[in-house]
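Student: Structure file work.pdb, PDB, C-alpha atoms, is pasted below:
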ATOM      1  CA  MET A   1       0.000   0.000   0.000  1.00  0.00           C
ATOM      2  CA  ALA A   2       2.853   2.312   0.849  1.00  0.00           C
ATOM      3  CA  VAL A   3       4.489   1.371  -2.429  1.00  0.00           C
ATOM      4  CA  ALA A   4       1.301   2.313  -4.283  1.00  0.00           C
ATOM      5  CA  ARG A   5       1.255   5.728  -2.614  1.00  0.00           C
ATOM      6  CA  LEU A   6       4.947   6.266  -3.345  1.00  0.00           C
ATOM      7  CA  ARG A   7       4.347   5.384  -6.966  1.00  0.00           C
ATOM      8  CA  ALA A   8       1.373   7.772  -7.101  1.00  0.00           C
ATOM      9  CA  PHE A   9       3.614  10.540  -5.791  1.00  0.00           C
ATOM     10  CA  LEU A  10       6.450   9.754  -8.208  1.00  0.00           C
ATOM     11  CA  ASP A  11       4.100   9.725 -11.192  1.00  0.00           C
ATOM     12  CA  HIS A  12       2.141  12.834 -10.158  1.00  0.00           C
ATOM     13  CA  PRO A  13       1.913  15.493 -12.922  1.00  0.00           C
ATOM     14  CA  ALA A  14       3.692  17.870 -10.541  1.00  0.00           C
ATOM     15  CA  GLY A  15       5.925  15.171  -9.077  1.00  0.00           C
ATOM     16  CA  PRO A  16       9.708  14.717  -8.888  1.00  0.00           C
ATOM     17  CA  LYS A  17       9.966  13.600 -12.514  1.00  0.00           C
ATOM     18  CA  THR A  18       8.813  17.046 -13.638  1.00  0.00           C
ATOM     19  CA  ILE A  19      10.072  20.603 -13.621  1.00  0.00           C
ATOM     20  CA  PHE A  20       6.914  21.555 -11.690  1.00  0.00           C
ATOM     21  CA  PHE A  21       8.492  19.865  -8.684  1.00  0.00           C
ATOM     22  CA  TRP A  22      12.101  21.017  -8.889  1.00  0.00           C
ATOM     23  CA  ALA A  23      11.594  24.669  -9.774  1.00  0.00           C
ATOM     24  CA  PRO A  24       9.563  25.402  -6.603  1.00  0.00           C
ATOM     25  CA  MET A  25      11.994  23.286  -4.553  1.00  0.00           C
ATOM     26  CA  MET A  26      14.815  25.504  -5.755  1.00  0.00           C
ATOM     27  CA  LYS A  27      12.811  28.540  -4.704  1.00  0.00           C
ATOM     28  CA  TRP A  28      12.648  27.168  -1.155  1.00  0.00           C
ATOM     29  CA  GLY A  29      16.445  27.344  -1.166  1.00  0.00           C
ATOM     30  CA  LEU A  30      16.215  31.052  -1.893  1.00  0.00           C
ATOM     31  CA  VAL A  31      13.680  31.503   0.914  1.00  0.00           C
ATOM     32  CA  VAL A  32      15.971  29.759   3.398  1.00  0.00           C
ATOM     33  CA  ALA A  33      18.892  31.887   2.223  1.00  0.00           C
ATOM     34  CA  GLY A  34      16.710  34.940   2.736  1.00  0.00           C
ATOM     35  CA  LEU A  35      15.842  33.884   6.297  1.00  0.00           C
ATOM     36  CA  ALA A  36      19.334  34.894   7.373  1.00  0.00           C
ATOM     37  CA  ASP A  37      18.494  38.413   6.203  1.00  0.00           C
ATOM     38  CA  LEU A  38      15.517  38.669   8.555  1.00  0.00           C
ATOM     39  CA  ASN A  39      17.662  40.084  11.335  1.00  0.00           C
ATOM     40  CA  ARG A  40      19.525  42.539   9.166  1.00  0.00           C
ATOM     41  CA  PRO A  41      19.700  46.087  10.567  1.00  0.00           C
ATOM     42  CA  VAL A  42      16.642  48.063   9.463  1.00  0.00           C
ATOM     43  CA  GLU A  43      18.688  50.752   7.716  1.00  0.00           C
ATOM     44  CA  LYS A  44      20.094  48.151   5.330  1.00  0.00           C
ATOM     45  CA  ILE A  45      16.703  46.867   4.155  1.00  0.00           C
ATOM     46  CA  SER A  46      15.922  47.777   0.584  1.00  0.00           C
ATOM     47  CA  VAL A  47      12.327  49.030   0.510  1.00  0.00           C
ATOM     48  CA  PRO A  48      11.876  48.616  -3.281  1.00  0.00           C
ATOM     49  CA  GLN A  49      13.193  45.068  -3.107  1.00  0.00           C
ATOM     50  CA  SER A  50      10.973  44.171  -0.152  1.00  0.00           C
ATOM     51  CA  MET A  51       7.951  45.668  -1.874  1.00  0.00           C
ATOM     52  CA  ALA A  52       8.763  43.712  -5.031  1.00  0.00           C
ATOM     53  CA  LEU A  53       9.104  40.508  -3.035  1.00  0.00           C
ATOM     54  CA  ALA A  54       5.857  41.121  -1.136  1.00  0.00           C
ATOM     55  CA  CYS A  55       3.873  41.836  -4.336  1.00  0.00           C
ATOM     56  CA  THR A  56       5.413  39.043  -6.402  1.00  0.00           C
ATOM     57  CA  GLY A  57       4.943  36.528  -3.613  1.00  0.00           C
ATOM     58  CA  LEU A  58       1.277  37.309  -3.168  1.00  0.00           C
ATOM     59  CA  ILE A  59       0.435  37.462  -6.893  1.00  0.00           C
ATOM     60  CA  TRP A  60       2.207  34.151  -7.383  1.00  0.00           C
ATOM     61  CA  VAL A  61       0.188  32.451  -4.659  1.00  0.00           C
ATOM     62  CA  ARG A  62      -2.864  32.997  -6.858  1.00  0.00           C
ATOM     63  CA  TYR A  63      -0.926  32.161 -10.060  1.00  0.00           C
ATOM     64  CA  SER A  64       0.007  28.772  -8.606  1.00  0.00           C
ATOM     65  CA  PHE A  65      -3.679  27.890  -8.404  1.00  0.00           C
ATOM     66  CA  VAL A  66      -4.635  28.897 -11.952  1.00  0.00           C
ATOM     67  CA  ILE A  67      -1.847  27.126 -13.814  1.00  0.00           C
ATOM     68  CA  ILE A  68      -1.977  23.545 -14.975  1.00  0.00           C
ATOM     69  CA  PRO A  69      -0.897  21.553 -13.082  1.00  0.00           C
ATOM     70  CA  LYS A  70      -1.995  23.321  -9.890  1.00  0.00           C
ATOM     71  CA  ASN A  71       1.060  23.710  -7.686  1.00  0.00           C
ATOM     72  CA  TYR A  72       0.510  23.887  -3.930  1.00  0.00           C
ATOM     73  CA  ASN A  73       4.234  23.783  -3.196  1.00  0.00           C
ATOM     74  CA  LEU A  74       4.812  26.813  -5.405  1.00  0.00           C
ATOM     75  CA  ALA A  75       1.898  28.578  -3.698  1.00  0.00           C
ATOM     76  CA  LEU A  76       3.365  27.862  -0.282  1.00  0.00           C
ATOM     77  CA  VAL A  77       6.893  28.980  -1.120  1.00  0.00           C
ATOM     78  CA  ASN A  78       5.610  32.211  -2.646  1.00  0.00           C
ATOM     79  CA  PHE A  79       3.443  32.774   0.405  1.00  0.00           C
ATOM     80  CA  PHE A  80       6.651  32.726   2.440  1.00  0.00           C
ATOM     81  CA  VAL A  81       8.429  34.994  -0.056  1.00  0.00           C
ATOM     82  CA  GLY A  82       5.547  37.484   0.206  1.00  0.00           C
ATOM     83  CA  GLY A  83       5.426  37.054   3.961  1.00  0.00           C
ATOM     84  CA  THR A  84       9.114  37.817   4.521  1.00  0.00           C
ATOM     85  CA  GLY A  85       8.823  40.822   2.193  1.00  0.00           C
ATOM     86  CA  MET A  86       5.906  42.159   4.204  1.00  0.00           C
ATOM     87  CA  TYR A  87       7.701  41.469   7.474  1.00  0.00           C
ATOM     88  CA  GLN A  88      10.718  43.484   6.344  1.00  0.00           C
ATOM     89  CA  LEU A  89       8.466  46.323   5.202  1.00  0.00           C
ATOM     90  CA  SER A  90       6.728  46.322   8.586  1.00  0.00           C
ATOM     91  CA  ARG A  91      10.109  46.590  10.309  1.00  0.00           C
ATOM     92  CA  VAL A  92      11.065  49.597   8.182  1.00  0.00           C
ATOM     93  CA  PHE A  93       7.664  51.207   8.774  1.00  0.00           C
ATOM     94  CA  LYS A  94       7.901  50.661  12.516  1.00  0.00           C
ATOM     95  CA  ALA A  95      11.444  52.038  12.694  1.00  0.00           C
ATOM     96  CA  ARG A  96      10.435  55.137  10.747  1.00  0.00           C
ATOM     97  CA  MET A  97       7.418  55.694  12.987  1.00  0.00           C
ATOM     98  CA  GLU A  98       9.677  55.431  16.057  1.00  0.00           C
ATOM     99  CA  ALA A  99      12.154  57.853  14.496  1.00  0.00           C
ATOM    100  CA  SER A 100       9.500  60.466  13.662  1.00  0.00           C
ATOM    101  CA  ARG A 101       7.932  60.040  17.107  1.00  0.00           C
ATOM    102  CA  SER A 102      11.250  60.620  18.894  1.00  0.00           C
ATOM    103  CA  LEU A 103      11.966  63.547  16.591  1.00  0.00           C
ATOM    104  CA  ASN A 104       8.622  65.115  17.550  1.00  0.00           C
ATOM    105  CA  ALA A 105       9.321  64.467  21.237  1.00  0.00           C
ATOM    106  CA  VAL A 106      12.677  66.273  20.966  1.00  0.00           C
ATOM    107  CA  ARG A 107      11.050  69.262  19.291  1.00  0.00           C
ATOM    108  CA  GLU A 108       8.496  69.714  22.090  1.00  0.00           C
TER
ATOM    109  CA  MET B   1     -16.633  51.162 -29.721  1.00  0.00           C
ATOM    110  CA  GLY B   2     -19.390  49.616 -31.869  1.00  0.00           C
ATOM    111  CA  GLY B   3     -18.383  45.952 -31.509  1.00  0.00           C
ATOM    112  CA  PRO B   4     -16.452  43.727 -33.934  1.00  0.00           C
ATOM    113  CA  GLN B   5     -16.728  44.685 -37.566  1.00  0.00           C
ATOM    114  CA  ASN B   6     -15.528  42.969 -40.671  1.00  0.00           C
ATOM    115  CA  VAL B   7     -13.538  45.554 -42.571  1.00  0.00           C
ATOM    116  CA  GLY B   8     -12.147  44.430 -45.875  1.00  0.00           C
ATOM    117  CA  GLY B   9     -11.678  40.804 -44.771  1.00  0.00           C
ATOM    118  CA  LYS B  10      -9.488  41.675 -41.745  1.00  0.00           C
ATOM    119  CA  ALA B  11      -9.999  40.084 -38.293  1.00  0.00           C
ATOM    120  CA  ALA B  12     -13.337  40.874 -36.707  1.00  0.00           C
ATOM    121  CA  THR B  13     -11.765  41.949 -33.390  1.00  0.00           C
ATOM    122  CA  SER B  14      -8.671  44.121 -33.245  1.00  0.00           C
ATOM    123  CA  VAL B  15      -5.329  42.681 -32.194  1.00  0.00           C
ATOM    124  CA  LEU B  16      -5.469  44.795 -29.043  1.00  0.00           C
ATOM    125  CA  MET B  17      -8.873  43.468 -27.966  1.00  0.00           C
ATOM    126  CA  ARG B  18      -7.756  39.902 -28.653  1.00  0.00           C
ATOM    127  CA  PHE B  19      -4.695  40.464 -26.489  1.00  0.00           C
ATOM    128  CA  ILE B  20      -6.685  42.063 -23.671  1.00  0.00           C
ATOM    129  CA  ASN B  21      -9.218  39.241 -23.652  1.00  0.00           C
ATOM    130  CA  SER B  22      -6.769  36.397 -24.250  1.00  0.00           C
ATOM    131  CA  PRO B  23      -6.527  33.590 -21.658  1.00  0.00           C
ATOM    132  CA  THR B  24      -3.049  34.815 -20.695  1.00  0.00           C
ATOM    133  CA  GLY B  25      -3.806  38.496 -21.110  1.00  0.00           C
ATOM    134  CA  PRO B  26      -3.812  41.438 -18.692  1.00  0.00           C
ATOM    135  CA  ARG B  27      -7.147  40.383 -17.214  1.00  0.00           C
ATOM    136  CA  THR B  28      -5.566  37.220 -15.802  1.00  0.00           C
ATOM    137  CA  THR B  29      -2.993  36.248 -13.214  1.00  0.00           C
ATOM    138  CA  HIS B  30      -1.094  34.444 -15.991  1.00  0.00           C
ATOM    139  CA  PHE B  31      -0.074  37.926 -17.083  1.00  0.00           C
ATOM    140  CA  TRP B  32       0.531  39.771 -13.815  1.00  0.00           C
ATOM    141  CA  GLY B  33       2.469  37.031 -12.042  1.00  0.00           C
ATOM    142  CA  PRO B  34       5.221  37.002 -14.680  1.00  0.00           C
ATOM    143  CA  VAL B  35       5.087  40.808 -15.059  1.00  0.00           C
ATOM    144  CA  ALA B  36       5.743  41.053 -11.311  1.00  0.00           C
ATOM    145  CA  ASN B  37       8.690  38.692 -11.816  1.00  0.00           C
ATOM    146  CA  TRP B  38      10.276  41.108 -14.264  1.00  0.00           C
ATOM    147  CA  GLY B  39      11.004  43.234 -11.177  1.00  0.00           C
ATOM    148  CA  PHE B  40      13.791  40.789 -10.315  1.00  0.00           C
ATOM    149  CA  ALA B  41      15.296  40.864 -13.764  1.00  0.00           C
ATOM    150  CA  LEU B  42      15.326  44.669 -13.679  1.00  0.00           C
ATOM    151  CA  ALA B  43      16.795  44.740 -10.159  1.00  0.00           C
ATOM    152  CA  GLY B  44      19.545  42.451 -11.453  1.00  0.00           C
ATOM    153  CA  LEU B  45      20.202  44.816 -14.358  1.00  0.00           C
ATOM    154  CA  VAL B  46      20.598  47.731 -11.954  1.00  0.00           C
ATOM    155  CA  ASP B  47      22.996  45.636  -9.855  1.00  0.00           C
ATOM    156  CA  MET B  48      25.334  45.261 -12.826  1.00  0.00           C
ATOM    157  CA  LYS B  49      26.894  48.571 -11.812  1.00  0.00           C
ATOM    158  CA  LYS B  50      27.645  47.405  -8.264  1.00  0.00           C
ATOM    159  CA  PRO B  51      31.358  46.911  -7.536  1.00  0.00           C
ATOM    160  CA  ALA B  52      32.355  43.304  -8.158  1.00  0.00           C
ATOM    161  CA  ASP B  53      33.357  42.616  -4.558  1.00  0.00           C
ATOM    162  CA  MET B  54      29.790  43.372  -3.421  1.00  0.00           C
ATOM    163  CA  VAL B  55      28.416  40.558  -5.586  1.00  0.00           C
ATOM    164  CA  SER B  56      27.774  37.299  -3.762  1.00  0.00           C
ATOM    165  CA  SER B  57      29.079  34.342  -5.812  1.00  0.00           C
ATOM    166  CA  ARG B  58      26.859  31.917  -3.932  1.00  0.00           C
ATOM    167  CA  MET B  59      23.689  33.913  -4.475  1.00  0.00           C
ATOM    168  CA  THR B  60      24.340  34.553  -8.172  1.00  0.00           C
ATOM    169  CA  ALA B  61      25.189  30.892  -8.756  1.00  0.00           C
ATOM    170  CA  ALA B  62      21.941  29.912  -7.020  1.00  0.00           C
ATOM    171  CA  LEU B  63      20.016  32.416  -9.141  1.00  0.00           C
ATOM    172  CA  CYS B  64      21.613  31.029 -12.322  1.00  0.00           C
ATOM    173  CA  VAL B  65      20.277  27.559 -11.491  1.00  0.00           C
ATOM    174  CA  TYR B  66      16.960  29.033 -10.363  1.00  0.00           C
ATOM    175  CA  SER B  67      16.352  30.965 -13.601  1.00  0.00           C
ATOM    176  CA  LEU B  68      17.367  27.980 -15.715  1.00  0.00           C
ATOM    177  CA  LEU B  69      14.777  25.832 -13.931  1.00  0.00           C
ATOM    178  CA  PHE B  70      12.080  28.454 -14.304  1.00  0.00           C
ATOM    179  CA  MET B  71      12.840  28.947 -17.995  1.00  0.00           C
ATOM    180  CA  ARG B  72      11.884  25.303 -18.473  1.00  0.00           C
ATOM    181  CA  PHE B  73       8.925  25.684 -16.104  1.00  0.00           C
ATOM    182  CA  ALA B  74       7.584  28.588 -18.176  1.00  0.00           C
ATOM    183  CA  LEU B  75       7.704  26.533 -21.366  1.00  0.00           C
ATOM    184  CA  ARG B  76       6.086  23.423 -19.865  1.00  0.00           C
ATOM    185  CA  VAL B  77       3.356  24.994 -17.767  1.00  0.00           C
ATOM    186  CA  GLN B  78      -0.188  25.198 -19.071  1.00  0.00           C
ATOM    187  CA  PRO B  79      -0.770  27.726 -20.504  1.00  0.00           C
ATOM    188  CA  ARG B  80       2.758  28.279 -21.808  1.00  0.00           C
ATOM    189  CA  ASN B  81       4.065  31.590 -20.502  1.00  0.00           C
ATOM    190  CA  LEU B  82       6.539  33.472 -22.675  1.00  0.00           C
ATOM    191  CA  ILE B  83       6.588  36.572 -20.449  1.00  0.00           C
ATOM    192  CA  LEU B  84       7.846  34.384 -17.615  1.00  0.00           C
ATOM    193  CA  PHE B  85      10.285  32.680 -19.952  1.00  0.00           C
ATOM    194  CA  SER B  86      11.709  35.977 -21.158  1.00  0.00           C
ATOM    195  CA  CYS B  87      12.168  37.438 -17.670  1.00  0.00           C
ATOM    196  CA  HIS B  88      14.044  34.351 -16.484  1.00  0.00           C
ATOM    197  CA  ALA B  89      16.109  34.228 -19.665  1.00  0.00           C
ATOM    198  CA  ALA B  90      17.093  37.861 -19.107  1.00  0.00           C
ATOM    199  CA  ASN B  91      17.840  37.195 -15.441  1.00  0.00           C
ATOM    200  CA  GLU B  92      19.933  34.162 -16.419  1.00  0.00           C
ATOM    201  CA  VAL B  93      22.152  36.272 -18.641  1.00  0.00           C
ATOM    202  CA  VAL B  94      22.505  38.974 -15.978  1.00  0.00           C
ATOM    203  CA  GLN B  95      23.298  36.477 -13.199  1.00  0.00           C
ATOM    204  CA  LEU B  96      25.870  34.657 -15.357  1.00  0.00           C
ATOM    205  CA  TYR B  97      27.557  37.994 -15.999  1.00  0.00           C
ATOM    206  CA  GLN B  98      27.473  38.844 -12.275  1.00  0.00           C
ATOM    207  CA  PHE B  99      28.804  35.403 -11.340  1.00  0.00           C
ATOM    208  CA  GLN B 100      31.841  35.571 -13.617  1.00  0.00           C
ATOM    209  CA  ARG B 101      32.396  39.125 -12.422  1.00  0.00           C
ATOM    210  CA  SER B 102      32.382  38.049  -8.771  1.00  0.00           C
ATOM    211  CA  LEU B 103      35.065  35.500  -9.635  1.00  0.00           C
ATOM    212  CA  GLY B 104      37.261  38.221 -11.124  1.00  0.00           C
ATOM    213  CA  GLY B 105      36.119  38.049 -14.730  1.00  0.00           C
ATOM    214  CA  TYR B 106      35.238  40.759 -17.230  1.00  0.00           C
ATOM    215  CA  ASP B 107      33.637  43.857 -15.734  1.00  0.00           C
ATOM    216  CA  TYR B 108      32.144  46.120 -18.394  1.00  0.00           C
ATOM    217  CA  PHE B 109      31.708  49.171 -16.186  1.00  0.00           C
ATOM    218  CA  ALA B 110      35.114  48.899 -14.507  1.00  0.00           C
ATOM    219  CA  GLY B 111      36.746  48.492 -17.926  1.00  0.00           C
ATOM    220  CA  LYS B 112      34.865  51.538 -19.192  1.00  0.00           C
ATOM    221  CA  LYS B 113      35.908  53.576 -16.143  1.00  0.00           C
ATOM    222  CA  MET B 114      39.576  52.619 -16.604  1.00  0.00           C
ATOM    223  CA  ALA B 115      39.427  53.587 -20.287  1.00  0.00           C
ATOM    224  CA  GLU B 116      37.887  56.944 -19.379  1.00  0.00           C
ATOM    225  CA  GLU B 117      40.577  57.591 -16.749  1.00  0.00           C
ATOM    226  CA  ALA B 118      43.280  56.629 -19.221  1.00  0.00           C
ATOM    227  CA  THR B 119      42.000  59.093 -21.836  1.00  0.00           C
ATOM    228  CA  ALA B 120      41.591  61.784 -19.134  1.00  0.00           C
ATOM    229  CA  ARG B 121      45.218  61.366 -18.125  1.00  0.00           C
ATOM    230  CA  LYS B 122      46.485  61.760 -21.708  1.00  0.00           C
TER
END
Please rewrite the model in this file as structure tokens.
Tutor:
Amino acid sequence: MAVARLRAFLDHPAGPKTIFFWAPMMKWGLVVAGLADLNRPVEKISVPQSMALACTGLIWVRYSFVIIPKNYNLALVNFFVGGTGMYQLSRVFKARMEASRSLNAVRE
Amino acid sequence: MGGPQNVGGKAATSVLMRFINSPTGPRTTHFWGPVANWGFALAGLVDMKKPADMVSSRMTAALCVYSLLFMRFALRVQPRNLILFSCHAANEVVQLYQFQRSLGGYDYFAGKKMAEEATARK
């Protein structure tokens, strides 16, 4: 029974014999590499790049569901790409709010 | 605009309308997903001016493999997506250039700068 399930996985239209498996897997590698950047100092975060990542990630989540074959792995990896982009943007936003708040406090 | 008309045997709907309404046109995610991906290719193009020691060999090598895989993905997915293919093809070229540059290879902008300085000194 386990063998049957393994075979079903191997022969899946988005399985390991196809590019639809390996391309998203490769993208996970990029996500993991990007995880190290999560703790980068806020001043070094590139806002345009983070915005691009957030937008691409989210658009691609939907794209993964409309292509044939449907690709849940690709949807998930792009969800993380979009998520990390949004997280970085939130850090920049928060830091800038803090900076403007402290600037206003000094002025008073 | 009056609907499709047959004018002198030409197509009933204009090329523009056919593009807009096509299954991979701007009304679908099949269009905007890959258009969003062009952002990376353009970011890579801008990075070509970065000094070579700021280029990460590991990252560019990974991106070379990544774009190669997605070039094939774009051709095999249904529906076939040439916008996606073109953005990864462009990124592949850029990342290959960056990779050889990070290993000390040919740097177009550094070479240009040196030539300019040489002519300025003369």
Student: Taking (10.0, 29.7, -17.5) in the file's own coordinates, collect the residues within 12 Å, counting only C-alpha atoms, and hand them back as a ChimeraX atom specification.
Tutor: /A:19-20,23-24 /B:33-34,37-38,66-92
Student: Taking the file as shown, what set of residues would the ChimeraX specification (/B :<8) & /A give back, as a PyMOL selection string?
Tutor: chain A and resi 19-20+22-23+26-27+30+49+52+55-56+59-60+62-63+66-69
Student: Applying 10 Å and all atoms listed in the file, which residues near Asp37 (chain A) remain after dropping the ones on its own chain fewer than 6 positions away? List them as an MDAnalysis selection string.
Tutor: chainID A and resid 31 44:45 84 88
Student: Box time for region 12-17 of chain A: axis-aligned, enclosing all its listed atoms, 5 Å extra on each side; report centre and edge lengths in Å to one decimal, as lines of an AutoDock Vina configuration file.
Tutor:
center_x = 5.9
center_y = 15.4
center_z = -10.9
size_x = 18.1
size_y = 15.0
size_z = 14.0
Student: Please evaluate the PyMOL selection byres ((chain B and resi 58) around 12) against the displayed coordinates and give the resulting residues as JSON, numbers by chain.
Tutor: {"A": [29, 30, 33], "B": [54, 55, 56, 57, 59, 60, 61, 62, 63, 64, 65, 95, 96, 98, 99, 100, 102, 103]}
Student: Report as JSON, numbers by chain the full result of the PyMOL selection byres ((chain A and resi 90) around 12) when it is applied to this structure.
Tutor: {"A": [38, 42, 45, 47, 50, 51, 54, 83, 84, 85, 86, 87, 88, 89, 91, 92, 93, 94, 95, 96, 97]}
Student: Separation of CA of Asp107 (chain B) and CA of Ser46 (chain A), in Å?
Tutor: 24.4 Å
Student: Between CA of Phe19 (chain B) and CA of Ala75 (chain A), what is the spacing in Å?
Tutor: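 Spanning CA of Ala75 (chain A) to CA of Phe19 (chain B) is a straight-line distance of 26.5 Å.
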Student: For Tyr97 (chain B), find every residue with an atom within 9 Å (counting only C-alpha atoms), except residues of its own chain fewer than 6 positions away, and show them as a PyMOL selection string.
Tutor: chain B and resi 48+105-107
Student: Could you tell me how far CA of Val61 (chain A) sits from CA of Val77 (chain A), in Å to one decimal place?
Tutor: 8.3 Å
Student: Emit region 55-78 of chain A of the structure in the block as a file comprising C-alpha atoms, as a PDB file, in the first residue's frame.
Tutor:
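To be explicit, this is the file written out as part-v6.pdb:
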ATOM      1  CA  CYS A  55       3.873  41.836  -4.336  1.00  0.00           C
ATOM      2  CA  THR A  56       5.413  39.043  -6.402  1.00  0.00           C
ATOM      3  CA  GLY A  57       4.943  36.528  -3.613  1.00  0.00           C
ATOM      4  CA  LEU A  58       1.277  37.309  -3.168  1.00  0.00           C
ATOM      5  CA  ILE A  59       0.435  37.462  -6.893  1.00  0.00           C
ATOM      6  CA  TRP A  60       2.207  34.151  -7.383  1.00  0.00           C
ATOM      7  CA  VAL A  61       0.188  32.451  -4.659  1.00  0.00           C
ATOM      8  CA  ARG A  62      -2.864  32.997  -6.858  1.00  0.00           C
ATOM      9  CA  TYR A  63      -0.926  32.161 -10.060  1.00  0.00           C
ATOM     10  CA  SER A  64       0.007  28.772  -8.606  1.00  0.00           C
ATOM     11  CA  PHE A  65      -3.679  27.890  -8.404  1.00  0.00           C
ATOM     12  CA  VAL A  66      -4.635  28.897 -11.952  1.00  0.00           C
ATOM     13  CA  ILE A  67      -1.847  27.126 -13.814  1.00  0.00           C
ATOM     14  CA  ILE A  68      -1.977  23.545 -14.975  1.00  0.00           C
ATOM     15  CA  PRO A  69      -0.897  21.553 -13.082  1.00  0.00           C
ATOM     16  CA  LYS A  70      -1.995  23.321  -9.890  1.00  0.00           C
ATOM     17  CA  ASN A  71       1.060  23.710  -7.686  1.00  0.00           C
ATOM     18  CA  TYR A  72       0.510  23.887  -3.930  1.00  0.00           C
ATOM     19  CA  ASN A  73       4.234  23.783  -3.196  1.00  0.00           C
ATOM     20  CA  LEU A  74       4.812  26.813  -5.405  1.00  0.00           C
ATOM     21  CA  ALA A  75       1.898  28.578  -3.698  1.00  0.00           C
ATOM     22  CA  LEU A  76       3.365  27.862  -0.282  1.00  0.00           C
ATOM     23  CA  VAL A  77       6.893  28.980  -1.120  1.00  0.00           C
ATOM     24  CA  ASN A  78       5.610  32.211  -2.646  1.00  0.00           C
TER      25      ASN A  78
END
